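Peer 1: Right, I'll just put the structure down here and ask away after.
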Amino acid sequence: MTKMLLPWLMLAALTPAAHAQDAEAGRAKAAMCIGCHGIPGYQNAFPEVHKVPMISGQAGGYLAAALQAYRSGERRHPTMRGIARALSDADIADLAAFYERDGAAGLQLKSVAARQPSARVTELLTQGACASCHGENLDQPIDPSYPKIAGQHPDYLLVALKAYQVQGGRVVGRDHPIMNGIVGQFTLAELRMLADHIGSLPGSLSTVPQSRWR
C-alpha cells in the first residue's frame with residue numbers, strides 16, 4: 001500500500017507549487033489591468049494605434065505565458081514589460097486564473113454562425129496551419145498555452161502578427177520561434193487579410209467593463 005501511495009503523495013507535494021492559482025486573489029490584483037483591459041474599445045498607441053486585446057475568457061495558460069514573456073523581455077512592449085516585471089509567479093497565476101474565469105459571459109458568442117473565409121483567406125489559413133494550434137474555429141486551442149484568437153480585435157491581431165516579424169535578423173517585438181517562422185511567410189497585405197478574417201469570427205473573448213467604483 002505504501003508503495004502504491006508514494007507516487008500520488010509526491011505528485012500532491014509538487015502540484016501546489018506548479019499550479020497554484022487563485023482567481024479571487026487575481027480579481028484584487030487586476031486593479032492594475034482594468035484601466036486598459038476593462039474599458040471596451042480602449043486604444044493603445046504603441047507601436048501604432050490599436051485596440052487593446054480582449055483578455056476576459058482567454059486561455060489562462062496563454063495569459064500566464066504572455067505575462068512571463070513580457071517580464072523576461074521576450075515580448076518588447078514597454079508598458080506591459082513594466083507591469084509584468086512587478087509581478088511574482090503567484091501574481092501571474094492568479095491574474096491568469098481570474099481573466100480566464102472572468103470571460104464566462106462571452107461563451108454565448110459561440111452560437112453565432114462563423115463567416116466563411118474567401119478562397120484566398122482559406123489558402124492563407126492553411127499555409128499558416130492556424131487551426132493546428134488555435135483549434136476549431138480558432139477558439140479552442142489544442143494547448144492551454146496557446147491563445148484563443150477568434151473574434152479578437154483585428155487591429156490588435158495585425159499589430160501582434162507584425163511583432164513576430166524578423167527584420168534585419170532581429171525580431172521586431174515578440175521572440176517566438178514558431179510564430180516568427182509562420183509570420184515570415186506572409187506579406188503585410190496577407191497578414192491584414194488574416195487579421196480581418198480572424199477578428200470577424202465568433203469567439204469567447206470579451207471585455208468585461210469594470211465599475212468606476214470597483
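Identifiers for the C-alpha cells are assigned positionally: chains receive A, B, ... in sequence, residues are indexed from 1 per chain, and ligands are indexed from 1 in the order shown.
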Can you tell me which residues surround Gly35 in chain A at a distance of at most 12 Å, considering only C-alpha atoms, apart from same-chain residues fewer than 2 positions away, and format the answer as a PyMOL selection string?
Peer 2: chain A and resi 30-33+37-44+52+207-212+214
Peer 1: Take the selection from the previous step and output its residues with N, CA and C atoms, as a PDB file, in the first residue's frame.
Peer 2:
ATOM      1  N   ALA A  30      -6.119  42.576 -10.225  1.00  0.00           N
ATOM      2  CA  ALA A  30      -6.412  43.077 -11.570  1.00  0.00           C
ATOM      3  C   ALA A  30      -6.629  44.580 -11.613  1.00  0.00           C
ATOM      4  N   ALA A  31      -6.554  45.245 -10.474  1.00  0.00           N
ATOM      5  CA  ALA A  31      -6.740  46.703 -10.463  1.00  0.00           C
ATOM      6  C   ALA A  31      -5.770  47.392 -11.410  1.00  0.00           C
ATOM      7  N   MET A  32      -4.583  46.827 -11.586  1.00  0.00           N
ATOM      8  CA  MET A  32      -3.586  47.423 -12.476  1.00  0.00           C
ATOM      9  C   MET A  32      -3.901  47.170 -13.947  1.00  0.00           C
ATOM     10  N   CYS A  33      -4.835  46.253 -14.212  1.00  0.00           N
ATOM     11  CA  CYS A  33      -5.133  45.849 -15.591  1.00  0.00           C
ATOM     12  C   CYS A  33      -6.370  46.544 -16.160  1.00  0.00           C
ATOM     13  N   HIS A  37      -7.699  47.051 -20.013  1.00  0.00           N
ATOM     14  CA  HIS A  37      -8.430  45.862 -20.447  1.00  0.00           C
ATOM     15  C   HIS A  37      -9.847  45.802 -19.911  1.00  0.00           C
ATOM     16  N   GLY A  38     -10.243  46.747 -19.078  1.00  0.00           N
ATOM     17  CA  GLY A  38     -11.605  46.781 -18.570  1.00  0.00           C
ATOM     18  C   GLY A  38     -12.445  47.874 -19.197  1.00  0.00           C
ATOM     19  N   ILE A  39     -11.941  48.487 -20.272  1.00  0.00           N
ATOM     20  CA  ILE A  39     -12.675  49.562 -20.954  1.00  0.00           C
ATOM     21  C   ILE A  39     -12.921  49.140 -22.397  1.00  0.00           C
ATOM     22  N   PRO A  40     -14.153  48.847 -22.783  1.00  0.00           N
ATOM     23  CA  PRO A  40     -14.433  48.428 -24.157  1.00  0.00           C
ATOM     24  C   PRO A  40     -13.936  49.463 -25.173  1.00  0.00           C
ATOM     25  N   GLY A  41     -13.196  48.990 -26.165  1.00  0.00           N
ATOM     26  CA  GLY A  41     -12.719  49.862 -27.216  1.00  0.00           C
ATOM     27  C   GLY A  41     -11.502  50.697 -26.874  1.00  0.00           C
ATOM     28  N   TYR A  42     -10.919  50.506 -25.679  1.00  0.00           N
ATOM     29  CA  TYR A  42      -9.759  51.313 -25.279  1.00  0.00           C
ATOM     30  C   TYR A  42      -8.599  51.058 -26.232  1.00  0.00           C
ATOM     31  N   GLN A  43      -7.884  52.138 -26.573  1.00  0.00           N
ATOM     32  CA  GLN A  43      -6.809  52.030 -27.554  1.00  0.00           C
ATOM     33  C   GLN A  43      -5.439  52.272 -26.944  1.00  0.00           C
ATOM     34  N   ASN A  44      -4.464  51.629 -27.542  1.00  0.00           N
ATOM     35  CA  ASN A  44      -3.059  51.793 -27.176  1.00  0.00           C
ATOM     36  C   ASN A  44      -2.360  52.445 -28.357  1.00  0.00           C
ATOM     37  N   VAL A  52      -6.686  47.640 -27.395  1.00  0.00           N
ATOM     38  CA  VAL A  52      -6.004  46.663 -26.535  1.00  0.00           C
ATOM     39  C   VAL A  52      -6.774  45.350 -26.619  1.00  0.00           C
ATOM     40  N   THR A 207     -14.461  41.902 -23.413  1.00  0.00           N
ATOM     41  CA  THR A 207     -14.003  42.906 -22.459  1.00  0.00           C
ATOM     42  C   THR A 207     -15.121  43.087 -21.444  1.00  0.00           C
ATOM     43  N   VAL A 208     -14.854  42.748 -20.202  1.00  0.00           N
ATOM     44  CA  VAL A 208     -15.864  42.894 -19.158  1.00  0.00           C
ATOM     45  C   VAL A 208     -15.690  44.269 -18.525  1.00  0.00           C
ATOM     46  N   PRO A 209     -16.643  45.195 -18.755  1.00  0.00           N
ATOM     47  CA  PRO A 209     -16.482  46.551 -18.204  1.00  0.00           C
ATOM     48  C   PRO A 209     -16.397  46.530 -16.687  1.00  0.00           C
ATOM     49  N   GLN A 210     -15.525  47.358 -16.172  1.00  0.00           N
ATOM     50  CA  GLN A 210     -15.335  47.444 -14.718  1.00  0.00           C
ATOM     51  C   GLN A 210     -15.990  48.714 -14.182  1.00  0.00           C
ATOM     52  N   SER A 211     -16.632  48.610 -13.054  1.00  0.00           N
ATOM     53  CA  SER A 211     -17.257  49.769 -12.440  1.00  0.00           C
ATOM     54  C   SER A 211     -16.197  50.779 -12.021  1.00  0.00           C
ATOM     55  N   ARG A 212     -16.492  52.041 -12.177  1.00  0.00           N
ATOM     56  CA  ARG A 212     -15.540  53.075 -11.761  1.00  0.00           C
ATOM     57  C   ARG A 212     -15.379  53.079 -10.238  1.00  0.00           C
ATOM     58  N   ARG A 214     -15.128  50.287  -8.483  1.00  0.00           N
ATOM     59  CA  ARG A 214     -14.592  48.966  -8.112  1.00  0.00           C
ATOM     60  C   ARG A 214     -13.587  49.080  -6.965  1.00  0.00           C
TER      61      ARG A 214
END
Peer 1: As a PyMOL selection string, please: every residue in range 18-182 of chain A that DSSP puts in alpha helix (DSSP H).
Peer 2: chain A and resi 18-19+23-29+34-37+60-72+78-84+89-102+119-127+131-134+154-163+177-182
Peer 1: Quick one, how far is CA of Thr79 in chain A from CA of Pro154 in chain A?
Peer 2: 20.8 Å
Peer 1: Could you build a table of the residues in range 44-70 of chain A lying no more than 12 Å from range 174-194 of chain A, giving for each the nearest pair of atoms and their separation in Å rounded to one decimal place, using only C-alpha atoms, ordered by chain and ascending residue number, as CSV?
Peer 2:
residue,atom,partner,partner_atom,distance
A:Ala65,CA,A:His176,CA,11.4
A:Ala66,CA,A:Arg174,CA,10.0
A:Ala69,CA,A:Arg174,CA,8.5
A:Tyr70,CA,A:Arg174,CA,9.0
Peer 1: Output C-alpha atoms of each residue in that selection to a file, as a CSV table (one decimal), in the first residue's frame.
Peer 2:
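Resulting contents of selection-v9.csv:
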chain,number,residue,atom,x,y,z
A,65,ALA,CA,2.9,32.6,-20.7
A,66,ALA,CA,2.4,36.1,-22.2
A,69,ALA,CA,7.3,36.7,-21.8
A,70,TYR,CA,6.8,40.4,-21.1
Peer 1: What does the distance from CA of Ser88 in chain A to CA of Asp102 in chain A come to in Å, to one decimal?
Peer 2: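 That distance, rounded to one decimal, is 20.8 Å.
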Peer 1: A:Gly199, A:Glu136, A:Gln68, A:Phe98: which is nearest Arg81 in chain A, counting only C-alpha atoms?
Peer 2: A:Gln68
Peer 1: Within 8 Å of Ala23 in chain A, counting only C-alpha atoms, which residues qualify if same-chain residues fewer than 2 places away don't, as a list in words?
Peer 2: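 Residues near the query, excluding close chain neighbours: Gln21, Ala25, Gly26, Arg27, Asp94, Leu95, Ala96, Ala97, Phe98, Tyr99 and Arg101 of chain A.
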Peer 1: What are the DSSP strand (DSSP E or B) residues of chain A, as a count of residues only?
Peer 2: 12
Peer 1: Which distance in Å separates CA of Leu63 in chain A and CA of Gln140 in chain A, to one decimal?
Peer 2: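 Separation of CA of Leu63 in chain A and CA of Gln140 in chain A: 14.7 Å.
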Peer 1: So, with only C-alpha atoms as the atoms that count, which of A:Thr122, A:Gln58, A:Gln116, A:Ser200 lies closest to His134 in chain A?
Peer 2: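 Comparing A:Thr122, A:Gln58, A:Gln116, A:Ser200 against His134 in chain A, the winner is A:Gln58.
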Peer 1: Using only C-alpha atoms, find the one residue out of A:Cys130, A:Ala150, A:Ala64, A:Val172 that sits nearest to Ala84 in chain A.
Peer 2: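 Checking each of A:Cys130, A:Ala150, A:Ala64, A:Val172 against Ala84 in chain A, counting only C-alpha atoms, the winner is A:Ala64.
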Peer 1: Excluding same-chain residues fewer than 4 positions from Asp139 in chain A, what lies within 8 Å of it counting only C-alpha atoms, as a list in words?
Peer 2: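 Skipping anything fewer than 4 positions along the chain leaves His134, Gly135, Lys148, Ile149, Ala150, Gly203 and Ser204 of chain A.
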Peer 1: Could you check the closest approach to Tyr156 in chain A for each of A:Ala86, A:Val121, A:Ile198, A:Ala59 and tell me which residue wins, using only C-alpha atoms?
Peer 2: A:Ile198
